[in-house]
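Q: Have a look at the structure that comes next, please.
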Amino acid sequence: MGSYSFDYAGVHFICIDFSTMKEDIKTWLEDDLKSSLSNNPRYTFLFIHVPPYCELWIDGDKWLRSRLVPLLELYGVDAVFSGHTHEYERGYKEHVHYIITGGGSWLDWEEPIVKDWEHMFIGGAKNLAEFRHGLINEYVRVDVQMDEWIGTMHAFQPNGDYIGVRDRFGSMMKDTNGDGLLTGSERMMPSNYLTGLPSDAEDPLEVYPRMMHPHRVDPLSLHILRHPRIVDQLETLLGEPAVGLQTMIYWKPPQALGQALHQDDFYLQTQPYSCIAAWIALEKTDAENGALMICPGSHLEPVLEMEATDPTLSFTHTAVRPNPQYSTKMVEMEKGDILFFHGRLIHGSLPNRSVNRFRKTFICHYIPKRSTSYNKGYDPKVELR
Ligand SMILES: O=C(O)CCC(=O)C(=O)O
Ligand SMILES: [Fe+2]
């Protein structure tokens, strides 16, 4: 059989050859894990082609779940890295992290979902919503430091352009209530901000990436998404009941890139009608720190095609080119101001040119309740009342 293990820098690595392993792999693995205990490894990482848990294409390997997973849990394996499905997923169960890093081709959320494992909470059924059609390449890097390990997922456009770090995980994630699962804010969402990251990163957005869907892990964010004053206002504008679909926090630190002109319904794909945004300024926004720019009247356009754009100005790499009849206006806002805007309104922002001012915003996206067709990558919807 082609399985083997080795130690490096106090870390135990186990590679299981999925295609040649037989029933005796269980004995081999148990012996290996048992004997490695005497070395008191700092961490144990296991690699196996087919994942035990998966949400796309297959639901993972049943045999691995019944034979190997109990050993991983018993002997305290820290993380299992797999491939097989061409996408990125991450989860955690009984102190074991499960990572599928098969995005060397692409991350494709339009494949049918076989089963939703509750503990596989990143990717799969709850995919990284900012990538339409999931077309990204990625790799995962693990840094082992003194007393912690940090995994980072690095994403690329299909043409090879670097997008940045889009997920983080590692030993800092603790199961505080001891139920074997990570809940709420213990889970770390894609693009979550973490302290302790290298502050010398060239791109300030690597240190302060935008947070996606904080309402799924943070009660205050959920409270704002459902805030009656906001919901009253947006349902007055819509003229009908709405549901919440996403929240985001943009830190937009000094010198961060902006976001090229786009329409939100390119991503949310709301039908019938359109999504609506509530863009909340958490501090003063103006020309210097990269305030929001809008093209008034452009909401009357359909969802337009996106084209490649200037990567030195925008962290997204595609943009719509508005018809010259629309001028672009900057929306200066004071802390606490909210701008509601239509899902087909063309908008974006320029880089933050300031040396010490952030441009923090909390953004909610809603769709009319009757819009039953939308990008299901944003599920679950949130009832507002
Ligand atoms: O704040 C920005 O720079 C862009 C935000 C945005 O595109 C949105 O809220 O939909
Ligand atoms: Fe937007």
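Chain labels run A, B, ... following the order of the structure tokens; each chain numbers its residues from 1, and ligands are numbered from 1 in the order shown.
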Write out, as CSV, each residue of chain A that has an atom at most 10 Å from ligand 1, together with the closest pair of atoms and their distance in Å to one decimal, counting only C-alpha atoms and all ligand atoms, rows going by chain and rising number.
A:
```
residue,atom,partner,partner_atom_place_in_ligand_line,distance
A:Arg210,CA,ligand 1,1 (O),9.9
A:Thr247,CA,ligand 1,9 (O),9.1
A:Met248,CA,ligand 1,9 (O),7.9
A:Ile249,CA,ligand 1,1 (O),9.0
A:Tyr250,CA,ligand 1,1 (O),6.7
A:Trp251,CA,ligand 1,1 (O),9.3
A:Lys252,CA,ligand 1,3 (O),7.9
A:Leu257,CA,ligand 1,3 (O),8.8
A:Gly258,CA,ligand 1,3 (O),5.6
A:Gln259,CA,ligand 1,3 (O),5.1
A:Ala260,CA,ligand 1,3 (O),8.1
A:Leu261,CA,ligand 1,7 (O),7.9
A:His262,CA,ligand 1,7 (O),7.1
A:Gln263,CA,ligand 1,10 (O),7.6
A:Asp264,CA,ligand 1,10 (O),5.6
A:Asp265,CA,ligand 1,10 (O),9.3
A:Tyr267,CA,ligand 1,10 (O),9.7
A:Ile276,CA,ligand 1,10 (O),9.0
A:Ala277,CA,ligand 1,9 (O),6.5
A:Ala278,CA,ligand 1,9 (O),7.6
A:Trp279,CA,ligand 1,9 (O),5.8
A:Ile280,CA,ligand 1,9 (O),8.9
A:Ala281,CA,ligand 1,1 (O),9.1
A:Thr285,CA,ligand 1,1 (O),9.8
A:Gly290,CA,ligand 1,3 (O),7.2
A:Ala291,CA,ligand 1,3 (O),7.0
A:Leu292,CA,ligand 1,1 (O),5.5
A:Met293,CA,ligand 1,3 (O),8.1
A:Ile294,CA,ligand 1,4 (C),9.8
A:Ser314,CA,ligand 1,3 (O),9.2
A:Phe315,CA,ligand 1,3 (O),9.7
A:Leu339,CA,ligand 1,9 (O),9.5
A:Phe340,CA,ligand 1,9 (O),9.6
A:Phe341,CA,ligand 1,10 (O),8.8
A:His342,CA,ligand 1,10 (O),9.7
A:Gly343,CA,ligand 1,10 (O),8.2
A:Leu345,CA,ligand 1,10 (O),9.5
A:Ile346,CA,ligand 1,7 (O),9.0
A:His347,CA,ligand 1,7 (O),6.4
A:Gly348,CA,ligand 1,4 (C),4.9
A:Ser349,CA,ligand 1,3 (O),4.5
A:Leu350,CA,ligand 1,3 (O),7.3
A:Pro351,CA,ligand 1,3 (O),8.5
A:Asn352,CA,ligand 1,3 (O),9.5
A:Arg359,CA,ligand 1,1 (O),8.5
A:Lys360,CA,ligand 1,1 (O),8.5
A:Thr361,CA,ligand 1,1 (O),6.8
A:Phe362,CA,ligand 1,9 (O),8.3
A:Ile363,CA,ligand 1,9 (O),5.5
A:Cys364,CA,ligand 1,9 (O),7.5
A:His365,CA,ligand 1,10 (O),7.7
```
Q: Rank nothing, just name the residue among A:Asp7, A:Asp78, A:Glu87, A:Asp143 nearest to Ser35 of chain A, using only C-alpha atoms.
A: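 Using only C-alpha atoms, the shortest distance to Ser35 of chain A belongs to A:Asp7.
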Q: Skipping near chain neighbours, those fewer than 4 positions away, what residues fall within 10 Å of Leu64 of chain A using only C-alpha atoms, listed as a PyMOL selection string?
A: chain A and resi 18+26+48+50-53+60+68-70
Q: Export N, CA and C atoms of the chosen residues as a JSON list (two decimals), in the first residue's frame?
A:
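Saved as result-v2.json:
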```
[["chain", "number", "residue", "atom", "x", "y", "z"],
["A", 18, "PHE", "N", -5.52, 6.63, -1.00],
["A", 18, "PHE", "CA", -6.92, 6.20, -1.04],
["A", 18, "PHE", "C", -7.13, 5.04, -2.00],
["A", 26, "LYS", "N", -7.04, 0.57, 8.61],
["A", 26, "LYS", "CA", -7.50, 0.97, 9.94],
["A", 26, "LYS", "C", -6.44, 0.60, 10.98],
["A", 48, "ILE", "N", -5.80, 12.86, 2.47],
["A", 48, "ILE", "CA", -6.44, 11.72, 1.79],
["A", 48, "ILE", "C", -7.24, 12.25, 0.62],
["A", 50, "VAL", "N", -10.01, 11.34, -1.20],
["A", 50, "VAL", "CA", -11.47, 11.50, -1.12],
["A", 50, "VAL", "C", -11.84, 11.96, 0.29],
["A", 51, "PRO", "N", -12.68, 13.00, 0.40],
["A", 51, "PRO", "CA", -13.03, 13.50, 1.73],
["A", 51, "PRO", "C", -14.08, 12.65, 2.43],
["A", 52, "PRO", "N", -14.01, 12.55, 3.75],
["A", 52, "PRO", "CA", -15.09, 11.85, 4.47],
["A", 52, "PRO", "C", -16.41, 12.61, 4.42],
["A", 53, "TYR", "N", -16.35, 13.95, 4.40],
["A", 53, "TYR", "CA", -17.57, 14.75, 4.34],
["A", 53, "TYR", "C", -17.48, 15.71, 3.17],
["A", 60, "GLY", "N", -19.33, 12.55, 0.41],
["A", 60, "GLY", "CA", -18.14, 12.09, 1.11],
["A", 60, "GLY", "C", -18.11, 10.57, 1.13],
["A", 68, "LEU", "N", -12.33, 5.46, 9.61],
["A", 68, "LEU", "CA", -11.20, 6.35, 9.92],
["A", 68, "LEU", "C", -11.57, 7.52, 10.83],
["A", 69, "VAL", "N", -12.76, 8.09, 10.61],
["A", 69, "VAL", "CA", -13.13, 9.29, 11.38],
["A", 69, "VAL", "C", -13.07, 9.04, 12.90],
["A", 70, "PRO", "N", -13.55, 7.88, 13.40],
["A", 70, "PRO", "CA", -13.45, 7.67, 14.86],
["A", 70, "PRO", "C", -12.00, 7.71, 15.35]]
```
Q: Taking only C-alpha atoms and all ligand atoms into account, name the residue in A:Ser327, A:Thr309, A:Thr316, A:Thr85 that is nearest to ligand 2.
A: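 Closest to ligand 2, using only C-alpha atoms and all ligand atoms: A:Thr316.
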Q: Could you tell me which of A:Tyr139, A:Tyr88, A:Phe47, A:Trp57 comes closest to Tyr4 of chain A if we count only C-alpha atoms?
A: A:Phe47
Q: Compile the contact shell of Gln255 of chain A as a PyMOL selection string: residues with an atom at most 12 Å away, counting only C-alpha atoms, same-chain residues fewer than 5 positions apart removed.
A: chain A and resi 202-208+288-290+312-315+350-359
Q: Include N, CA and C atoms and write out the residues we just selected as a PDB file, in the first residue's frame.
A:
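The result, written out as again-v2.pdb:
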```pdb
ATOM      1  N   GLU A 202       1.244  43.327   1.678  1.00  0.00           N
ATOM      2  CA  GLU A 202       1.288  44.430   0.713  1.00  0.00           C
ATOM      3  C   GLU A 202      -0.086  45.019   0.455  1.00  0.00           C
ATOM      4  N   ASP A 203      -1.099  44.154   0.421  1.00  0.00           N
ATOM      5  CA  ASP A 203      -2.447  44.631   0.148  1.00  0.00           C
ATOM      6  C   ASP A 203      -3.173  44.801   1.481  1.00  0.00           C
ATOM      7  N   PRO A 204      -3.544  46.050   1.845  1.00  0.00           N
ATOM      8  CA  PRO A 204      -4.228  46.229   3.141  1.00  0.00           C
ATOM      9  C   PRO A 204      -5.518  45.427   3.244  1.00  0.00           C
ATOM     10  N   LEU A 205      -6.100  45.045   2.102  1.00  0.00           N
ATOM     11  CA  LEU A 205      -7.327  44.242   2.153  1.00  0.00           C
ATOM     12  C   LEU A 205      -7.046  42.807   2.590  1.00  0.00           C
ATOM     13  N   GLU A 206      -5.779  42.403   2.572  1.00  0.00           N
ATOM     14  CA  GLU A 206      -5.467  41.082   3.120  1.00  0.00           C
ATOM     15  C   GLU A 206      -5.533  41.101   4.629  1.00  0.00           C
ATOM     16  N   VAL A 207      -5.222  42.256   5.202  1.00  0.00           N
ATOM     17  CA  VAL A 207      -5.261  42.372   6.657  1.00  0.00           C
ATOM     18  C   VAL A 207      -6.681  42.698   7.124  1.00  0.00           C
ATOM     19  N   TYR A 208      -7.399  43.461   6.322  1.00  0.00           N
ATOM     20  CA  TYR A 208      -8.779  43.845   6.645  1.00  0.00           C
ATOM     21  C   TYR A 208      -9.712  43.470   5.494  1.00  0.00           C
ATOM     22  N   GLU A 288     -11.835  61.397  -0.279  1.00  0.00           N
ATOM     23  CA  GLU A 288     -10.521  60.932   0.163  1.00  0.00           C
ATOM     24  C   GLU A 288     -10.540  59.450   0.567  1.00  0.00           C
ATOM     25  N   ASN A 289     -11.577  59.030   1.295  1.00  0.00           N
ATOM     26  CA  ASN A 289     -11.558  57.623   1.754  1.00  0.00           C
ATOM     27  C   ASN A 289     -12.373  56.685   0.865  1.00  0.00           C
ATOM     28  N   GLY A 290     -12.730  57.163  -0.332  1.00  0.00           N
ATOM     29  CA  GLY A 290     -13.330  56.254  -1.312  1.00  0.00           C
ATOM     30  C   GLY A 290     -14.817  56.043  -1.093  1.00  0.00           C
ATOM     31  N   THR A 312      -5.693  47.949 -10.778  1.00  0.00           N
ATOM     32  CA  THR A 312      -4.971  48.821  -9.833  1.00  0.00           C
ATOM     33  C   THR A 312      -5.938  49.725  -9.072  1.00  0.00           C
ATOM     34  N   LEU A 313      -7.225  49.712  -9.475  1.00  0.00           N
ATOM     35  CA  LEU A 313      -8.206  50.553  -8.790  1.00  0.00           C
ATOM     36  C   LEU A 313      -9.227  49.744  -8.008  1.00  0.00           C
ATOM     37  N   SER A 314      -9.416  48.460  -8.405  1.00  0.00           N
ATOM     38  CA  SER A 314     -10.533  47.702  -7.848  1.00  0.00           C
ATOM     39  C   SER A 314     -10.088  46.318  -7.395  1.00  0.00           C
ATOM     40  N   PHE A 315     -10.618  45.869  -6.261  1.00  0.00           N
ATOM     41  CA  PHE A 315     -10.299  44.504  -5.823  1.00  0.00           C
ATOM     42  C   PHE A 315     -11.126  43.473  -6.577  1.00  0.00           C
ATOM     43  N   LEU A 350     -13.945  54.222  -5.532  1.00  0.00           N
ATOM     44  CA  LEU A 350     -12.523  54.356  -5.860  1.00  0.00           C
ATOM     45  C   LEU A 350     -11.691  53.955  -4.635  1.00  0.00           C
ATOM     46  N   PRO A 351     -10.369  53.800  -4.820  1.00  0.00           N
ATOM     47  CA  PRO A 351      -9.533  53.433  -3.669  1.00  0.00           C
ATOM     48  C   PRO A 351      -9.629  54.444  -2.527  1.00  0.00           C
ATOM     49  N   ASN A 352      -9.286  53.975  -1.339  1.00  0.00           N
ATOM     50  CA  ASN A 352      -9.167  54.860  -0.184  1.00  0.00           C
ATOM     51  C   ASN A 352      -7.773  55.494  -0.260  1.00  0.00           C
ATOM     52  N   ARG A 353      -7.729  56.789  -0.568  1.00  0.00           N
ATOM     53  CA  ARG A 353      -6.433  57.477  -0.766  1.00  0.00           C
ATOM     54  C   ARG A 353      -5.858  58.011   0.541  1.00  0.00           C
ATOM     55  N   SER A 354      -6.612  57.915   1.616  1.00  0.00           N
ATOM     56  CA  SER A 354      -6.132  58.558   2.843  1.00  0.00           C
ATOM     57  C   SER A 354      -5.008  57.720   3.469  1.00  0.00           C
ATOM     58  N   VAL A 355      -4.229  58.348   4.326  1.00  0.00           N
ATOM     59  CA  VAL A 355      -3.152  57.605   4.975  1.00  0.00           C
ATOM     60  C   VAL A 355      -3.580  56.997   6.297  1.00  0.00           C
ATOM     61  N   ASN A 356      -4.650  57.519   6.882  1.00  0.00           N
ATOM     62  CA  ASN A 356      -5.011  56.983   8.206  1.00  0.00           C
ATOM     63  C   ASN A 356      -6.515  56.859   8.432  1.00  0.00           C
ATOM     64  N   ARG A 357      -7.322  57.076   7.402  1.00  0.00           N
ATOM     65  CA  ARG A 357      -8.776  56.968   7.621  1.00  0.00           C
ATOM     66  C   ARG A 357      -9.307  55.681   6.995  1.00  0.00           C
ATOM     67  N   PHE A 358     -10.054  54.912   7.771  1.00  0.00           N
ATOM     68  CA  PHE A 358     -10.783  53.780   7.215  1.00  0.00           C
ATOM     69  C   PHE A 358     -12.048  54.310   6.534  1.00  0.00           C
ATOM     70  N   ARG A 359     -12.769  53.440   5.838  1.00  0.00           N
ATOM     71  CA  ARG A 359     -14.104  53.808   5.347  1.00  0.00           C
ATOM     72  C   ARG A 359     -15.000  52.612   5.647  1.00  0.00           C
TER      73      ARG A 359
END
```
Q: Once DSSP has gone over the backbone, tell me which residues of segment 214-355 of chain A are in strand (DSSP E or B), as a ChimeraX atom specification.
A: /A:242-250,258-262,271,276-281,285,292-294,307-308,314,318-319,329-331,333,338-342,347-349
Q: Using only C-alpha atoms, please write the residues we just selected to a file, as an mmCIF file, in the first residue's frame.
A:
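Final output, selection_21.cif:
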```cif
data_model
loop_
_atom_site.group_PDB
_atom_site.id
_atom_site.type_symbol
_atom_site.label_atom_id
_atom_site.label_comp_id
_atom_site.auth_asym_id
_atom_site.auth_seq_id
_atom_site.Cartn_x
_atom_site.Cartn_y
_atom_site.Cartn_z
ATOM 1 C CA ALA A 242 -38.925 41.787 1.800
ATOM 2 C CA VAL A 243 -36.525 39.173 3.145
ATOM 3 C CA GLY A 244 -32.834 39.608 4.016
ATOM 4 C CA LEU A 245 -30.247 37.887 1.829
ATOM 5 C CA GLN A 246 -26.815 39.145 2.826
ATOM 6 C CA THR A 247 -24.786 41.420 5.062
ATOM 7 C CA MET A 248 -21.239 42.649 4.553
ATOM 8 C CA ILE A 249 -18.774 44.764 6.463
ATOM 9 C CA TYR A 250 -16.234 46.725 4.437
ATOM 10 C CA GLY A 258 -12.116 50.341 -4.371
ATOM 11 C CA GLN A 259 -14.745 48.225 -6.085
ATOM 12 C CA ALA A 260 -15.349 48.686 -9.819
ATOM 13 C CA LEU A 261 -18.776 49.730 -11.158
ATOM 14 C CA HIS A 262 -21.320 46.925 -11.011
ATOM 15 C CA GLN A 271 -36.343 37.574 -10.316
ATOM 16 C CA ILE A 276 -32.298 46.464 -2.770
ATOM 17 C CA ALA A 277 -29.311 47.552 -0.679
ATOM 18 C CA ALA A 278 -29.172 49.432 2.619
ATOM 19 C CA TRP A 279 -25.652 50.888 2.695
ATOM 20 C CA ILE A 280 -24.861 52.191 6.180
ATOM 21 C CA ALA A 281 -21.927 54.545 6.704
ATOM 22 C CA THR A 285 -17.311 58.852 3.672
ATOM 23 C CA LEU A 292 -19.678 55.199 -2.815
ATOM 24 C CA MET A 293 -20.182 56.307 -6.460
ATOM 25 C CA ILE A 294 -23.506 55.851 -8.229
ATOM 26 C CA GLU A 307 -15.941 43.301 -18.629
ATOM 27 C CA ALA A 308 -12.344 43.175 -17.426
ATOM 28 C CA SER A 314 -10.533 47.702 -7.848
ATOM 29 C CA THR A 318 -14.721 43.002 -13.755
ATOM 30 C CA ALA A 319 -16.923 46.051 -14.273
ATOM 31 C CA LYS A 329 -21.904 60.936 -8.748
ATOM 32 C CA MET A 330 -20.148 60.591 -5.442
ATOM 33 C CA VAL A 331 -22.363 60.071 -2.387
ATOM 34 C CA MET A 333 -22.261 60.477 3.800
ATOM 35 C CA ILE A 338 -28.129 55.021 5.173
ATOM 36 C CA LEU A 339 -28.398 54.929 1.410
ATOM 37 C CA PHE A 340 -31.027 52.597 -0.053
ATOM 38 C CA PHE A 341 -30.393 51.653 -3.662
ATOM 39 C CA HIS A 342 -31.865 49.500 -6.397
ATOM 40 C CA HIS A 347 -22.357 51.753 -8.403
ATOM 41 C CA GLY A 348 -18.853 51.212 -7.070
ATOM 42 C CA SER A 349 -16.073 53.092 -5.346
#
```
Q: With only C-alpha atoms as the basis for distance, which of A:Glu334, A:Glu94, A:Asp31, A:Glu138 is at the shortest distance from Gly160 of chain A?
A: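 Selected residue with least distance to Gly160 of chain A: A:Glu138.
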Q: Can you measure atom CA of Arg141 of chain A to atom CA of Asp17 of chain A for me? One decimal in Å is fine.
A: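 Separation between atom CA of Arg141 of chain A and atom CA of Asp17 of chain A: 21.2 Å.
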